[in-house]
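One structure below.
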Amino acid sequence: MNKFIFDVDGTLTPSRCPIDSNFKQFFNVFCRHNYVYLVTGSDKPKTVEQLGKDTYNLAKTVYNCSGNDVWQGDKNIRKNQWQLPEDAHSFLAQCLSESKFAKRTGLHFEHRTGMVNFSIVGRKANMEERAEYVVWDTANNERDIIARNFNKTFPDLDARPGGDTGIDIAPKGADKSQIIVDFDEEDTTWFFGDRMDPDGNDYPLAQVVDHTRHVLNYRNTWEYLSWFQEQGIAS
């Protein structure tokens, strides 16, 4: 049996934006005819905001907060109550104060179920401010550097860039790879994500599934799924 796991930001939607309406129609049909699962660093309200409740509920299971908050429709299956230690918070606050990216929009620490999302520009940034930070980060590798230094300082925790502007932080092992316990070995699992590089938050899951497809955007995902249907891999 083929099972299909999808990241959300950058894979099914533009980062922090709603799903394209035409792709949504295609993807909803795909969900109705295949075993589809979602895994994202975002919480449930943000995921529903991006995909719509109809698409959200078409997935067999949704692993919010990198698998720390698990939902099947409106039923909460399990929840991780971990919180960021004070010394780790102080380390990140120091990174925030020392960053040479001057713009700050607020909500730099977003506490989610079982994890924290840290952002230099802040979660309140508008699309223009987010784009400005993406250009900065691409040139300076700020998120990668912060994550690597954080991981050296706190070996029991794991920090990985996620989405366009944030860093996802959780206890080591409480990343997207933890969802694999819900999948049977006899099934064939496919995982689609945009951050499968070693520093990305899709990387841990990509290491433990049968097959991966690194995508550039939702259009790339659409192309892959259409090809899968043509080849009979998906219905």
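Each chain of the structure tokens is named A, B, ... in the order shown, its residues numbered from 1; ligands are numbered from 1 in display order.
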Practice prompt. Find the spatial neighbours of range 202-213 of chain A, counting only C-alpha atoms, within a cut-off of 12 Å - ignore same-chain residues fewer than 5 positions away - and output them as a PyMOL selection string.
Written response: chain A and resi 2-11+38-41+66-67+158-163+168+172-197+220-225+228
Residues of range 21-144 of chain A classed as alpha helix (DSSP H) by DSSP on the backbone are to be reported as a ChimeraX atom specification. /A:21-33,44-51,53-58,86-98,127-140,142-144
Practice item. Within chain A, find each residue whose DSSP state, derived from the backbone, is strand (DSSP E), and express the selection as a ChimeraX atom specification. Key: /A:2-6,35-39,61-64,69-72,75-79,109-112,115-119,157-162,166-171,188-193,211-214
Near Asp20 in chain A, counting only C-alpha atoms, which residues have an atom at most 12 Å away, once you skip same-chain residues fewer than 5 positions from it, shown as a CSV table (one decimal) with C-alpha atoms, in the first residue's frame?
chain,number,residue,atom,x,y,z
A,10,GLY,CA,6.7,25.4,0.7
A,11,THR,CA,5.3,22.0,-0.4
A,12,LEU,CA,1.5,22.4,-0.5
A,13,THR,CA,1.4,26.2,-0.1
A,14,PRO,CA,3.6,29.2,-0.4
A,15,SER,CA,5.2,29.7,3.0
A,25,GLN,CA,-9.2,21.2,-6.1
A,26,PHE,CA,-6.6,18.7,-7.5
A,27,PHE,CA,-5.2,17.9,-4.0
A,28,ASN,CA,-8.6,17.3,-2.5
A,50,GLN,CA,-3.7,27.8,5.0
A,51,LEU,CA,-5.4,24.6,3.7
A,52,GLY,CA,-9.1,25.1,4.7
A,217,ASN,CA,7.1,24.7,-4.4
A,218,TYR,CA,3.5,23.5,-4.6
A,219,ARG,CA,3.6,23.5,-8.4
A,222,TRP,CA,1.5,19.0,-8.3
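Within the 12 Å cut-off around Ala131 in chain A, using only C-alpha atoms and omitting residues fewer than 3 positions from it on the same chain, the listed residues are A:Pro14, A:Ser15, A:Arg16, A:Val121, A:Ala125, A:Asn126, A:Met127, A:Glu128, A:Val134, A:Val135, A:Trp136, A:Asp137, A:Thr138, A:Gly163, A:Asp164, A:Thr165.
Across A:Ile167, A:Val62, A:Leu216, A:Leu96, the tightest approach to Ile77 in chain A is made by A:Val62 when counting only C-alpha atoms.
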Practice item. Write out as a list in words which residues come within 12 Å of Asn80 in chain A when counting only C-alpha atoms, dropping same-chain ones fewer than 2 positions away. Key: Tyr63, Asn64, Cys65, Ser66, Gly67, Asn68, Asp69, Val70, Asn76, Ile77, Arg78, Trp82, Gln83, Arg112, Thr113, Gly114, Met115, Val116, Ala170, Pro171, Ala174, Asp175 and Gln178 of chain A
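Taking CA of Ser235 in chain A and CA of Phe30 in chain A as the two end points, the separation is 7.2 Å.
If you count only C-alpha atoms and ignore residues fewer than 4 places along the chain from Ala59 in chain A, what sits within 8 Å of it is Cys31, Tyr35, Val36, Tyr37, Leu38, Thr55, Gln72 and Gly73 of chain A.
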Please, could you write that set of residues out with C-alpha atoms as a PDB file, in the first residue's frame?
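Here's the written file again.pdb:
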ATOM      1  CA  CYS A  31      -6.752  12.904  -0.859  1.00  0.00           C
ATOM      2  CA  TYR A  35      -3.772   7.561   1.879  1.00  0.00           C
ATOM      3  CA  VAL A  36      -2.607  11.104   2.626  1.00  0.00           C
ATOM      4  CA  TYR A  37      -0.906  12.417   5.772  1.00  0.00           C
ATOM      5  CA  LEU A  38       0.323  15.904   6.627  1.00  0.00           C
ATOM      6  CA  THR A  55      -8.565  19.737   3.002  1.00  0.00           C
ATOM      7  CA  GLN A  72      -7.538  12.988  12.951  1.00  0.00           C
ATOM      8  CA  GLY A  73     -10.164  15.505  11.913  1.00  0.00           C
TER       9      GLY A  73
END
